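Dropping work-v9.pdb in here (PDB, C-alpha atoms):
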```
ATOM      1  CA  MET Z   1      17.256  -2.053   8.902
ATOM      2  CA  GLY Z   2      13.547  -2.250   8.149
ATOM      3  CA  HIS Z   3      11.761   0.040   5.719
ATOM      4  CA  THR Z   4       8.190   1.235   5.420
ATOM      5  CA  LEU Z   5       6.127   1.898   2.308
ATOM      6  CA  ASP Z   6       3.201   3.899   3.561
ATOM      7  CA  VAL Z   7       0.395   4.313   1.043
ATOM      8  CA  ARG Z   8      -1.738   6.937   2.759
ATOM      9  CA  SER Z   9      -4.019   7.671  -0.158
ATOM     10  CA  VAL Z  10      -4.278   6.723  -3.824
ATOM     11  CA  ILE Z  11      -7.167   7.876  -5.981
ATOM     12  CA  HIS Z  12      -7.299   7.204  -9.705
ATOM     13  CA  SER Z  13      -9.829   7.302 -12.524
ATOM     14  CA  PHE Z  14      -9.798   6.277 -16.160
ATOM     15  CA  GLY Z  15     -12.092   8.805 -17.763
ATOM     16  CA  LYS Z  16     -15.277   8.886 -15.739
ATOM     17  CA  ARG Z  17     -14.675   5.478 -14.179
ATOM     18  CA  GLN Z  18     -13.054   5.737 -10.779
ATOM     19  CA  VAL Z  19     -10.878   2.647 -10.403
ATOM     20  CA  LEU Z  20      -9.162   3.390  -7.119
ATOM     21  CA  SER Z  21     -11.194   5.569  -4.800
ATOM     22  CA  SER Z  22      -9.658   5.109  -1.404
ATOM     23  CA  ILE Z  23      -6.561   2.998  -1.187
ATOM     24  CA  ALA Z  24      -4.467   3.053   1.950
ATOM     25  CA  PHE Z  25      -2.156   0.443   3.431
ATOM     26  CA  THR Z  26       1.348  -0.010   4.772
ATOM     27  CA  CYS Z  27       4.004  -2.472   3.630
ATOM     28  CA  ARG Z  28       6.972  -3.074   5.881
ATOM     29  CA  THR Z  29      10.107  -5.141   5.467
ATOM     30  CA  GLY Z  30       9.029  -8.715   6.114
ATOM     31  CA  ASP Z  31       5.505  -8.178   4.802
ATOM     32  CA  VAL Z  32       4.242 -10.170   1.856
ATOM     33  CA  ILE Z  33       1.002  -8.466   0.928
ATOM     34  CA  GLY Z  34      -1.265 -10.376  -1.421
ATOM     35  CA  ILE Z  35      -3.690  -8.100  -3.227
ATOM     36  CA  PHE Z  36      -6.682  -9.816  -4.789
ATOM     37  CA  GLY Z  37      -9.317  -8.355  -7.021
ATOM     38  CA  ARG Z  38     -11.324  -9.219 -10.086
ATOM     39  CA  ASN Z  39     -10.206  -8.087 -13.548
ATOM     40  CA  GLY Z  40     -10.318  -4.320 -13.938
ATOM     41  CA  THR Z  41     -10.381  -3.543 -10.226
ATOM     42  CA  GLY Z  42      -7.115  -1.618 -10.450
ATOM     43  CA  LYS Z  43      -4.517  -4.002  -9.016
ATOM     44  CA  SER Z  44      -1.970  -3.466 -11.794
ATOM     45  CA  THR Z  45      -2.860   0.224 -11.883
ATOM     46  CA  LEU Z  46      -2.000   0.489  -8.195
ATOM     47  CA  LEU Z  47       1.358  -1.231  -8.720
ATOM     48  CA  LYS Z  48       2.218   1.086 -11.621
ATOM     49  CA  ILE Z  49       1.362   4.094  -9.465
ATOM     50  CA  LEU Z  50       3.606   2.818  -6.674
ATOM     51  CA  PHE Z  51       6.405   2.171  -9.176
ATOM     52  CA  GLY Z  52       5.989   5.660 -10.593
ATOM     53  CA  THR Z  53       5.132   4.813 -14.202
ATOM     54  CA  LEU Z  54       1.537   5.959 -13.845
ATOM     55  CA  GLN Z  55       0.582   9.238 -12.318
ATOM     56  CA  ALA Z  56      -2.458   8.954 -10.073
ATOM     57  CA  ASN Z  57      -5.094  11.664  -9.842
ATOM     58  CA  GLU Z  58      -4.141  11.912  -6.193
ATOM     59  CA  SER Z  59      -1.426  10.014  -4.433
ATOM     60  CA  GLU Z  60       0.260  10.250  -1.098
ATOM     61  CA  VAL Z  61       2.938   7.580  -0.790
ATOM     62  CA  TYR Z  62       5.743   7.718   1.737
ATOM     63  CA  ILE Z  63       8.864   5.603   1.950
ATOM     64  CA  ASP Z  64      10.486   5.721   5.369
ATOM     65  CA  ASN Z  65       8.380   8.813   6.144
ATOM     66  CA  GLU Z  66       9.564  10.706   3.073
ATOM     67  CA  LEU Z  67       7.149  11.582   0.298
ATOM     68  CA  ALA Z  68       8.048   9.173  -2.503
ATOM     69  CA  GLY Z  69       6.428  10.915  -5.463
ATOM     70  CA  ALA Z  70       6.927   9.324  -8.853
ATOM     71  CA  LYS Z  71      10.613   8.556  -8.397
ATOM     72  CA  THR Z  72      10.514   5.319  -6.432
ATOM     73  CA  ALA Z  73      12.041   3.452  -9.374
ATOM     74  CA  ILE Z  74      14.705   6.032 -10.188
ATOM     75  CA  ASN Z  75      15.626   6.223  -6.506
ATOM     76  CA  LYS Z  76      15.968   2.436  -6.514
ATOM     77  CA  GLN Z  77      13.511   1.958  -3.696
ATOM     78  CA  VAL Z  78      10.804  -0.018  -5.466
ATOM     79  CA  ALA Z  79      11.322  -2.768  -8.065
ATOM     80  CA  TYR Z  80       8.540  -3.927 -10.335
ATOM     81  CA  HIS Z  81       7.948  -7.292 -11.974
ATOM     82  CA  HIS Z  82       5.637  -6.457 -14.869
ATOM     83  CA  GLN Z  83       3.083  -9.057 -15.928
ATOM     84  CA  GLU Z  84       4.722  -9.038 -19.376
ATOM     85  CA  VAL Z  85       8.357  -9.986 -19.938
ATOM     86  CA  PHE Z  86      10.418  -6.818 -20.288
ATOM     87  CA  LEU Z  87      13.869  -8.367 -20.740
ATOM     88  CA  PRO Z  88      15.825  -7.609 -23.939
ATOM     89  CA  LYS Z  89      15.174 -10.646 -26.127
ATOM     90  CA  HIS Z  90      18.353 -10.642 -28.225
ATOM     91  CA  THR Z  91      20.758 -10.886 -25.305
ATOM     92  CA  THR Z  92      22.049 -14.126 -23.841
ATOM     93  CA  VAL Z  93      21.290 -14.837 -20.196
ATOM     94  CA  LYS Z  94      25.054 -14.826 -19.566
ATOM     95  CA  ASN Z  95      25.366 -11.275 -20.884
ATOM     96  CA  LEU Z  96      22.132 -10.029 -19.370
ATOM     97  CA  ILE Z  97      22.831 -10.769 -15.708
ATOM     98  CA  PRO Z  98      26.015  -8.636 -15.465
ATOM     99  CA  LEU Z  99      24.070  -5.641 -16.820
ATOM    100  CA  TYR Z 100      22.075  -5.605 -13.580
ATOM    101  CA  PHE Z 101      24.783  -6.962 -11.327
ATOM    102  CA  PRO Z 102      28.292  -5.910 -12.341
ATOM    103  CA  ASN Z 103      29.831  -7.323  -9.157
ATOM    104  CA  GLY Z 104      30.686 -11.005  -8.868
ATOM    105  CA  GLU Z 105      28.839 -11.923  -5.686
ATOM    106  CA  LYS Z 106      25.356 -11.025  -6.924
ATOM    107  CA  GLN Z 107      26.120 -12.499 -10.339
ATOM    108  CA  ASN Z 108      27.135 -15.779  -8.759
ATOM    109  CA  LYS Z 109      23.879 -15.999  -6.828
ATOM    110  CA  LEU Z 110      22.010 -15.941 -10.109
ATOM    111  CA  PHE Z 111      24.409 -18.067 -12.140
ATOM    112  CA  TYR Z 112      24.461 -20.743  -9.430
ATOM    113  CA  ASP Z 113      20.677 -20.998  -9.518
ATOM    114  CA  GLN Z 114      19.984 -24.428 -11.009
ATOM    115  CA  GLN Z 115      17.331 -23.141 -13.377
ATOM    116  CA  ILE Z 116      19.522 -20.305 -14.652
ATOM    117  CA  ASN Z 117      22.686 -22.375 -14.844
ATOM    118  CA  LYS Z 118      21.255 -24.588 -17.571
ATOM    119  CA  ILE Z 119      20.025 -21.705 -19.755
ATOM    120  CA  GLU Z 120      22.888 -19.228 -19.385
ATOM    121  CA  ASN Z 121      24.121 -19.603 -22.964
ATOM    122  CA  GLN Z 122      20.701 -19.126 -24.511
ATOM    123  CA  LYS Z 123      19.224 -15.891 -25.755
ATOM    124  CA  VAL Z 124      16.354 -14.591 -23.640
ATOM    125  CA  GLY Z 125      14.019 -14.696 -26.621
ATOM    126  CA  ALA Z 126      14.755 -18.405 -27.134
ATOM    127  CA  LEU Z 127      13.659 -19.341 -23.610
ATOM    128  CA  SER Z 128      10.170 -20.565 -22.803
ATOM    129  CA  LEU Z 129       7.804 -17.932 -21.425
ATOM    130  CA  GLY Z 130       8.012 -19.562 -18.008
ATOM    131  CA  GLN Z 131      11.822 -19.447 -18.053
ATOM    132  CA  GLN Z 132      11.774 -15.802 -19.130
ATOM    133  CA  ARG Z 133       9.386 -14.906 -16.329
ATOM    134  CA  TYR Z 134      11.451 -16.787 -13.746
ATOM    135  CA  LEU Z 135      14.627 -15.025 -14.922
ATOM    136  CA  GLN Z 136      12.849 -11.675 -14.737
ATOM    137  CA  PHE Z 137      11.671 -12.486 -11.208
ATOM    138  CA  LEU Z 138      15.200 -13.398 -10.099
ATOM    139  CA  LEU Z 139      16.710 -10.226 -11.548
ATOM    140  CA  ILE Z 140      14.113  -8.062  -9.805
ATOM    141  CA  LEU Z 141      14.432  -9.971  -6.550
ATOM    142  CA  HIS Z 142      18.191  -9.523  -6.299
ATOM    143  CA  LEU Z 143      18.168  -5.764  -6.812
ATOM    144  CA  ASP Z 144      18.923  -3.817  -3.639
ATOM    145  CA  HIS Z 145      15.497  -2.126  -3.659
ATOM    146  CA  TYR Z 146      13.536  -2.136  -0.394
ATOM    147  CA  PHE Z 147      10.226  -3.208  -1.920
ATOM    148  CA  VAL Z 148       9.279  -5.584  -4.719
ATOM    149  CA  LEU Z 149       6.000  -5.305  -6.616
ATOM    150  CA  LEU Z 150       5.079  -8.571  -8.304
ATOM    151  CA  ASP Z 151       2.353  -8.391 -10.920
ATOM    152  CA  GLU Z 152       1.266 -11.921 -11.785
ATOM    153  CA  PRO Z 153       4.519 -13.666 -10.825
ATOM    154  CA  PHE Z 154       2.949 -17.150 -10.939
ATOM    155  CA  SER Z 155       1.246 -16.778 -14.280
ATOM    156  CA  MET Z 156       2.456 -19.167 -17.036
ATOM    157  CA  LEU Z 157       4.873 -20.928 -14.691
ATOM    158  CA  GLU Z 158       5.251 -24.671 -14.223
ATOM    159  CA  PRO Z 159       4.666 -25.914 -10.646
ATOM    160  CA  LEU Z 160       8.394 -26.350  -9.969
ATOM    161  CA  LEU Z 161       9.162 -22.711 -10.800
ATOM    162  CA  LYS Z 162       6.169 -21.524  -8.747
ATOM    163  CA  GLU Z 163       7.547 -23.344  -5.726
ATOM    164  CA  LEU Z 164      10.996 -21.855  -6.303
ATOM    165  CA  ILE Z 165       9.494 -18.368  -6.422
ATOM    166  CA  LYS Z 166       7.649 -18.951  -3.160
ATOM    167  CA  GLU Z 167      10.848 -20.238  -1.526
ATOM    168  CA  LYS Z 168      12.791 -17.209  -2.687
ATOM    169  CA  ILE Z 169      10.155 -14.757  -1.465
ATOM    170  CA  GLU Z 170      10.276 -16.495   1.912
ATOM    171  CA  LEU Z 171      14.071 -16.269   1.898
ATOM    172  CA  HIS Z 172      14.226 -12.584   0.949
ATOM    173  CA  LYS Z 173      11.390 -11.218   3.052
ATOM    174  CA  SER Z 174      13.732 -10.618   5.974
ATOM    175  CA  CYS Z 175      15.227  -7.724   4.002
ATOM    176  CA  LYS Z 176      12.405  -6.681   1.646
ATOM    177  CA  GLY Z 177       8.696  -5.994   1.543
ATOM    178  CA  PHE Z 178       6.621  -7.662  -1.172
ATOM    179  CA  ILE Z 179       3.321  -6.706  -2.766
ATOM    180  CA  ILE Z 180       1.894  -9.462  -4.955
ATOM    181  CA  THR Z 181      -1.112  -9.611  -7.191
ATOM    182  CA  ASP Z 182      -2.020 -12.694  -9.184
ATOM    183  CA  HIS Z 183      -5.164 -14.608 -10.134
ATOM    184  CA  TYR Z 184      -3.423 -17.815  -9.074
ATOM    185  CA  PHE Z 185      -4.878 -17.037  -5.675
ATOM    186  CA  ALA Z 186      -3.914 -20.340  -4.049
ATOM    187  CA  ASP Z 187      -0.231 -19.565  -4.676
ATOM    188  CA  VAL Z 188      -0.600 -16.025  -3.358
ATOM    189  CA  LEU Z 189      -2.460 -17.271  -0.273
ATOM    190  CA  GLN Z 190       0.422 -19.650   0.473
ATOM    191  CA  VAL Z 191       3.079 -16.979   0.432
ATOM    192  CA  ALA Z 192       1.248 -13.857   1.688
ATOM    193  CA  ASN Z 193       1.188 -12.958   5.359
ATOM    194  CA  ILE Z 194      -1.176 -10.012   4.771
ATOM    195  CA  LYS Z 195      -4.122 -10.327   2.380
ATOM    196  CA  LYS Z 196      -6.317  -7.635   0.896
ATOM    197  CA  VAL Z 197      -9.041  -7.352  -1.706
ATOM    198  CA  ILE Z 198      -9.770  -4.387  -3.934
ATOM    199  CA  THR Z 199     -13.445  -4.100  -4.636
ATOM    200  CA  ASP Z 200     -15.330  -1.043  -5.888
ATOM    201  CA  GLY Z 201     -12.107   0.972  -5.680
ATOM    202  CA  VAL Z 202     -11.674   0.298  -1.983
ATOM    203  CA  MET Z 203      -9.103  -1.957  -0.341
ATOM    204  CA  LYS Z 204     -10.510  -4.330   2.241
ATOM    205  CA  VAL Z 205      -8.680  -6.549   4.687
ATOM    206  CA  VAL Z 206      -8.913 -10.320   4.321
ATOM    207  CA  ASP Z 207      -8.788 -11.800   7.829
ATOM    208  CA  LYS Z 208      -9.473 -15.361   6.790
ATOM    209  CA  ASP Z 209      -9.299 -16.971   3.343
ATOM    210  CA  MET Z 210     -13.080 -17.403   3.331
ATOM    211  CA  ASP Z 211     -13.368 -13.595   3.147
ATOM    212  CA  LEU Z 212     -12.288 -13.839  -0.509
ATOM    213  CA  ILE Z 213     -15.719 -15.319  -1.167
ATOM    214  CA  ASP Z 214     -17.624 -12.940   1.096
ATOM    215  CA  LEU Z 215     -15.886  -9.941  -0.486
ATOM    216  CA  GLY Z 216     -16.902 -11.095  -3.941
ATOM    217  CA  TYR Z 217     -13.516 -12.126  -5.348
ATOM    218  CA  LEU Z 218     -14.279 -15.854  -5.462
ATOM    219  CA  SER Z 219     -17.563 -17.544  -6.215
ATOM    220  CA  ASP Z 220     -19.426 -19.657  -3.676
ATOM    221  CA  LYS Z 221     -18.210 -22.899  -5.218
ATOM    222  CA  PHE Z 222     -14.780 -22.293  -3.664
ATOM    223  CA  ARG Z 223     -16.276 -22.384  -0.164
ATOM    224  CA  SER Z 224     -15.511 -26.093   0.148
ATOM    225  CA  ARG Z 225     -11.810 -25.440  -0.512
ATOM    226  CA  PHE Z 226     -11.279 -23.392   2.628
TER     227      PHE Z 226
ATOM    228  CA  MET D   1      25.119   1.455 -15.044
ATOM    229  CA  THR D   2      27.149   2.629 -18.062
ATOM    230  CA  GLU D   3      27.077  -0.830 -19.598
ATOM    231  CA  LEU D   4      23.357  -0.975 -19.068
ATOM    232  CA  TYR D   5      22.897   2.368 -20.775
ATOM    233  CA  LEU D   6      25.153   1.320 -23.661
ATOM    234  CA  LYS D   7      23.001  -1.758 -24.148
ATOM    235  CA  TYR D   8      20.010   0.538 -24.624
ATOM    236  CA  TYR D   9      21.938   2.955 -26.828
ATOM    237  CA  PHE D  10      23.208   0.263 -29.186
ATOM    238  CA  ASP D  11      19.777  -1.359 -29.371
ATOM    239  CA  VAL D  12      18.198   1.942 -30.371
ATOM    240  CA  SER D  13      21.045   2.921 -32.671
ATOM    241  CA  ARG D  14      20.725  -0.255 -34.764
ATOM    242  CA  TYR D  15      17.638   1.250 -36.357
ATOM    243  CA  ASN D  16      19.371   4.595 -36.833
ATOM    244  CA  LEU D  17      22.470   3.090 -38.461
ATOM    245  CA  LEU D  18      20.372   0.976 -40.789
ATOM    246  CA  PHE D  19      18.372   3.956 -42.011
ATOM    247  CA  SER D  20      21.472   6.163 -42.257
ATOM    248  CA  ILE D  21      23.057   3.558 -44.571
ATOM    249  CA  LEU D  22      19.838   3.606 -46.565
ATOM    250  CA  VAL D  23      20.115   7.402 -46.846
ATOM    251  CA  ILE D  24      23.685   7.043 -48.196
ATOM    252  CA  ILE D  25      22.512   4.505 -50.770
ATOM    253  CA  LEU D  26      19.524   6.586 -51.848
ATOM    254  CA  THR D  27      21.150  10.034 -51.896
ATOM    255  CA  GLN D  28      24.798   9.096 -52.550
ATOM    256  CA  ASN D  29      25.506  11.846 -50.060
ATOM    257  CA  LEU D  30      27.500  11.081 -46.903
ATOM    258  CA  LEU D  31      26.793  14.479 -45.366
ATOM    259  CA  ALA D  32      23.028  13.967 -45.685
ATOM    260  CA  ALA D  33      23.341  10.607 -43.910
ATOM    261  CA  VAL D  34      25.392  12.150 -41.103
ATOM    262  CA  VAL D  35      22.849  14.951 -40.608
ATOM    263  CA  TYR D  36      20.038  12.383 -40.747
ATOM    264  CA  PHE D  37      21.789  10.264 -38.072
ATOM    265  CA  GLY D  38      21.949  13.174 -35.632
ATOM    266  CA  THR D  39      18.467  14.535 -36.192
ATOM    267  CA  LEU D  40      15.561  12.723 -37.852
ATOM    268  CA  GLY D  41      17.308   9.362 -37.483
ATOM    269  CA  SER D  42      17.267   9.703 -33.700
ATOM    270  CA  VAL D  43      13.562  10.450 -33.710
ATOM    271  CA  VAL D  44      12.767   7.565 -36.088
ATOM    272  CA  SER D  45      14.914   5.036 -34.190
ATOM    273  CA  LEU D  46      13.432   6.026 -30.830
ATOM    274  CA  ALA D  47       9.949   5.743 -32.304
ATOM    275  CA  LEU D  48      10.743   2.285 -33.727
ATOM    276  CA  PHE D  49      12.178   1.146 -30.397
ATOM    277  CA  ARG D  50       9.040   2.425 -28.699
ATOM    278  CA  TYR D  51       6.869   0.554 -31.183
ATOM    279  CA  HIS D  52       8.729  -2.776 -31.033
ATOM    280  CA  GLN D  53      10.374  -2.825 -27.610
ATOM    281  CA  ASN D  54       8.476  -0.337 -25.451
ATOM    282  CA  ILE D  55       8.084  -2.865 -22.648
ATOM    283  CA  GLU D  56      11.902  -2.969 -22.260
ATOM    284  CA  TYR D  57      11.846   0.479 -20.675
ATOM    285  CA  TYR D  58      10.749  -1.351 -17.503
ATOM    286  CA  PHE D  59      14.033  -3.258 -17.620
ATOM    287  CA  TYR D  60      15.990  -0.014 -17.529
ATOM    288  CA  LEU D  61      13.689   1.717 -15.066
ATOM    289  CA  ASN D  62      14.087  -1.071 -12.523
ATOM    290  CA  ALA D  63      17.808  -0.347 -12.609
ATOM    291  CA  GLY D  64      17.149   3.361 -12.027
ATOM    292  CA  LEU D  65      17.360   4.604 -15.633
ATOM    293  CA  SER D  66      14.301   6.673 -16.438
ATOM    294  CA  LYS D  67      12.778   6.534 -19.902
ATOM    295  CA  LYS D  68      12.967  10.291 -20.332
ATOM    296  CA  ALA D  69      16.638  10.440 -19.302
ATOM    297  CA  ILE D  70      17.871   7.656 -21.585
ATOM    298  CA  ILE D  71      15.905   8.964 -24.568
ATOM    299  CA  LEU D  72      17.304  12.462 -24.088
ATOM    300  CA  LYS D  73      20.837  11.140 -23.585
ATOM    301  CA  SER D  74      20.650   9.096 -26.799
ATOM    302  CA  PHE D  75      19.385  12.071 -28.761
ATOM    303  CA  ILE D  76      22.218  14.276 -27.443
ATOM    304  CA  ILE D  77      24.898  11.629 -28.143
ATOM    305  CA  ASN D  78      23.683  11.200 -31.738
ATOM    306  CA  LEU D  79      23.580  14.955 -32.216
ATOM    307  CA  VAL D  80      27.129  15.362 -30.876
ATOM    308  CA  ILE D  81      28.419  12.494 -33.058
ATOM    309  CA  SER D  82      26.703  14.050 -36.034
ATOM    310  CA  VAL D  83      28.129  17.549 -35.401
ATOM    311  CA  ILE D  84      31.662  16.126 -34.964
ATOM    312  CA  LEU D  85      31.342  14.153 -38.211
ATOM    313  CA  VAL D  86      30.031  17.221 -40.081
ATOM    314  CA  ILE D  87      32.990  19.280 -38.832
ATOM    315  CA  ILE D  88      35.423  16.519 -39.901
ATOM    316  CA  PHE D  89      33.604  16.255 -43.228
ATOM    317  CA  TRP D  90      33.925  20.006 -43.864
ATOM    318  CA  GLY D  91      37.575  19.928 -42.756
ATOM    319  CA  ILE D  92      38.368  17.268 -45.361
ATOM    320  CA  HIS D  93      36.634  19.161 -48.150
TER     321      HIS D  93
END
```
Please rewrite the model in this file as structure tokens.
Amino acid sequence: MGHTLDVRSVIHSFGKRQVLSSIAFTCRTGDVIGIFGRNGTGKSTLLKILFGTLQANESEVYIDNELAGAKTAINKQVAYHHQEVFLPKHTTVKNLIPLYFPNGEKQNKLFYDQQINKIENQKVGALSLGQQRYLQFLLILHLDHYFVLLDEPFSMLEPLLKELIKEKIELHKSCKGFIITDHYFADVLQVANIKKVITDGVMKVVDKDMDLIDLGYLSDKFRSRF
Amino acid sequence: MTELYLKYYFDVSRYNLLFSILVIILTQNLLAAVVYFGTLGSVVSLALFRYHQNIEYYFYLNAGLSKKAIILKSFIINLVISVILVIIFWGIH
């Protein structure tokens, strides 16, 4: 069954500076929405509001036509991959995975992952930053939540892990909706089927990749790349 | 879910246990350490966890455990443990 995350209105300010002035969009199961925006335009702020860890000045967010409020995380509807690693560092990978997935089937999916298999006896804190971020991504991805918010999922990752993440998003989008924000725009462009830019607090639709230049996210020198 | 919560509780309680042992050493008074564990110790350990591992609350929240709920639960558990130990302590003496 498909689900709908309907962001009808989000308005938020930090002090006198209005970061998000009129944000509205819909994410459905199967959507991979790439949100672009320069530093400080409110991309991470928007994700935190949708996850419920930041209270917006005004917010009207519906999940399957029910007002979501600030409990999307507690209700296990929205999962959030923070740009920093939030995994407990002193736990081994082998002990960490069952904390999220007590049943065998889900555990196996993670333990059989080639990248996880070779690090399962290591403590999370002993892994490279890229490995930690990949593990965090996998844990979030395999939760039963309808929507996954990915804040900088490609940052600090080697090319191989980036490709694996893209493959897994492609594989899971039949049962989840994804909202991604990352400055590695080429990776986001590859995986996103809906693209948007936040500029001056407003979300604008990106019809073609070239719009990223016209909307002020990329400089003119990228024009030759598209 | 219980195992996940226990992971949080034991992580937070490490700080509390350490300082409670310190209270025993400094005061030579077991009762003071028990009272500390259930009251100020909870506050100090939660503050230390917040300072050093605040980002980990996202780990628990993704699994449906809210920050407010797990903090409150830990405080109550420590208080209950402390009260039980005080009662036992008074019973012995």
Next item on the list: Kindly determine which residues of chain Z lie within 8 Å of chain D, considering all atoms listed in the file, and give the answer as a list in words.
Entry: Ala73, Ile74, Asn75, Lys76, Val78, Ala79, Tyr80, His82, Glu84, Val85, Phe86, Leu87, Pro88, Leu99, Tyr100, Ile140 and Leu143 of chain Z
Would you export the selected residues with C-alpha atoms as a PDB file, keeping the file's coordinate frame, please?
```
ATOM      1  CA  ALA Z  73      12.041   3.452  -9.374  1.00  0.00           C
ATOM      2  CA  ILE Z  74      14.705   6.032 -10.188  1.00  0.00           C
ATOM      3  CA  ASN Z  75      15.626   6.223  -6.506  1.00  0.00           C
ATOM      4  CA  LYS Z  76      15.968   2.436  -6.514  1.00  0.00           C
ATOM      5  CA  VAL Z  78      10.804  -0.018  -5.466  1.00  0.00           C
ATOM      6  CA  ALA Z  79      11.322  -2.768  -8.065  1.00  0.00           C
ATOM      7  CA  TYR Z  80       8.540  -3.927 -10.335  1.00  0.00           C
ATOM      8  CA  HIS Z  82       5.637  -6.457 -14.869  1.00  0.00           C
ATOM      9  CA  GLU Z  84       4.722  -9.038 -19.376  1.00  0.00           C
ATOM     10  CA  VAL Z  85       8.357  -9.986 -19.938  1.00  0.00           C
ATOM     11  CA  PHE Z  86      10.418  -6.818 -20.288  1.00  0.00           C
ATOM     12  CA  LEU Z  87      13.869  -8.367 -20.740  1.00  0.00           C
ATOM     13  CA  PRO Z  88      15.825  -7.609 -23.939  1.00  0.00           C
ATOM     14  CA  LEU Z  99      24.070  -5.641 -16.820  1.00  0.00           C
ATOM     15  CA  TYR Z 100      22.075  -5.605 -13.580  1.00  0.00           C
ATOM     16  CA  ILE Z 140      14.113  -8.062  -9.805  1.00  0.00           C
ATOM     17  CA  LEU Z 143      18.168  -5.764  -6.812  1.00  0.00           C
TER      18      LEU Z 143
END
```
Next item on the list: For the structure provided, state which residues fall under the PyMOL selection byres ((chain Z and resi 92) around 7), and present them as an MDAnalysis selection string.
Entry: chainID Z and resid 90:91 93:96 120:124
Next item on the list: Skip D:Phe89 itself and residues of its chain fewer than 3 positions away, then list as a PyMOL selection string all residues within 10 Å of it, counting all atoms listed in the file.
Entry: chain D and resi 30-31+34+83-86+92-93
Check: Which residue out of Z:Gly37, Z:Gly30, Z:Gly2, Z:Gly125 has the minimum interatomic distance to Z:Gly216 when only C-alpha atoms are used?
Finding: Z:Gly37
Check: If we count all atoms listed in the file, what is near Z:Glu170 at a cut-off of 12 Å, once residues fewer than 5 positions away on the same chain are taken out, given as a ChimeraX atom specification?
Finding: /Z:29-32,141,163-165,175-178,190-193
List the residues matched by the PyMOL selection byres ((chain Z and resi 194-210) around 6) in the displayed structure as a PDB file with C-alpha atoms, in the coordinates of the input, ordered by chain and then by residue number.
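So out_6.pdb came out as:
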```pdb
ATOM      1  CA  VAL Z  19     -10.878   2.647 -10.403  1.00  0.00           C
ATOM      2  CA  LEU Z  20      -9.162   3.390  -7.119  1.00  0.00           C
ATOM      3  CA  SER Z  21     -11.194   5.569  -4.800  1.00  0.00           C
ATOM      4  CA  SER Z  22      -9.658   5.109  -1.404  1.00  0.00           C
ATOM      5  CA  ILE Z  23      -6.561   2.998  -1.187  1.00  0.00           C
ATOM      6  CA  ILE Z  33       1.002  -8.466   0.928  1.00  0.00           C
ATOM      7  CA  GLY Z  34      -1.265 -10.376  -1.421  1.00  0.00           C
ATOM      8  CA  ILE Z  35      -3.690  -8.100  -3.227  1.00  0.00           C
ATOM      9  CA  PHE Z  36      -6.682  -9.816  -4.789  1.00  0.00           C
ATOM     10  CA  GLY Z  37      -9.317  -8.355  -7.021  1.00  0.00           C
ATOM     11  CA  ALA Z 192       1.248 -13.857   1.688  1.00  0.00           C
ATOM     12  CA  ASN Z 193       1.188 -12.958   5.359  1.00  0.00           C
ATOM     13  CA  ASP Z 211     -13.368 -13.595   3.147  1.00  0.00           C
ATOM     14  CA  LEU Z 212     -12.288 -13.839  -0.509  1.00  0.00           C
ATOM     15  CA  ILE Z 213     -15.719 -15.319  -1.167  1.00  0.00           C
TER      16      ILE Z 213
END
```
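Using all atoms listed in the file for every distance, the candidate list D:Tyr9, D:Leu22, D:Val35, D:Val43 yields D:Tyr9 as the residue closest to D:Lys73.
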Note to self: So that I can see what lies close to D:Asn78, please list as a ChimeraX atom specification the residues with an atom at most 7 Å from it, counting all atoms listed in the file and leaving out residues fewer than 3 positions away in the same chain.
What the structure shows: /D:37-38,42,74-75,81-82
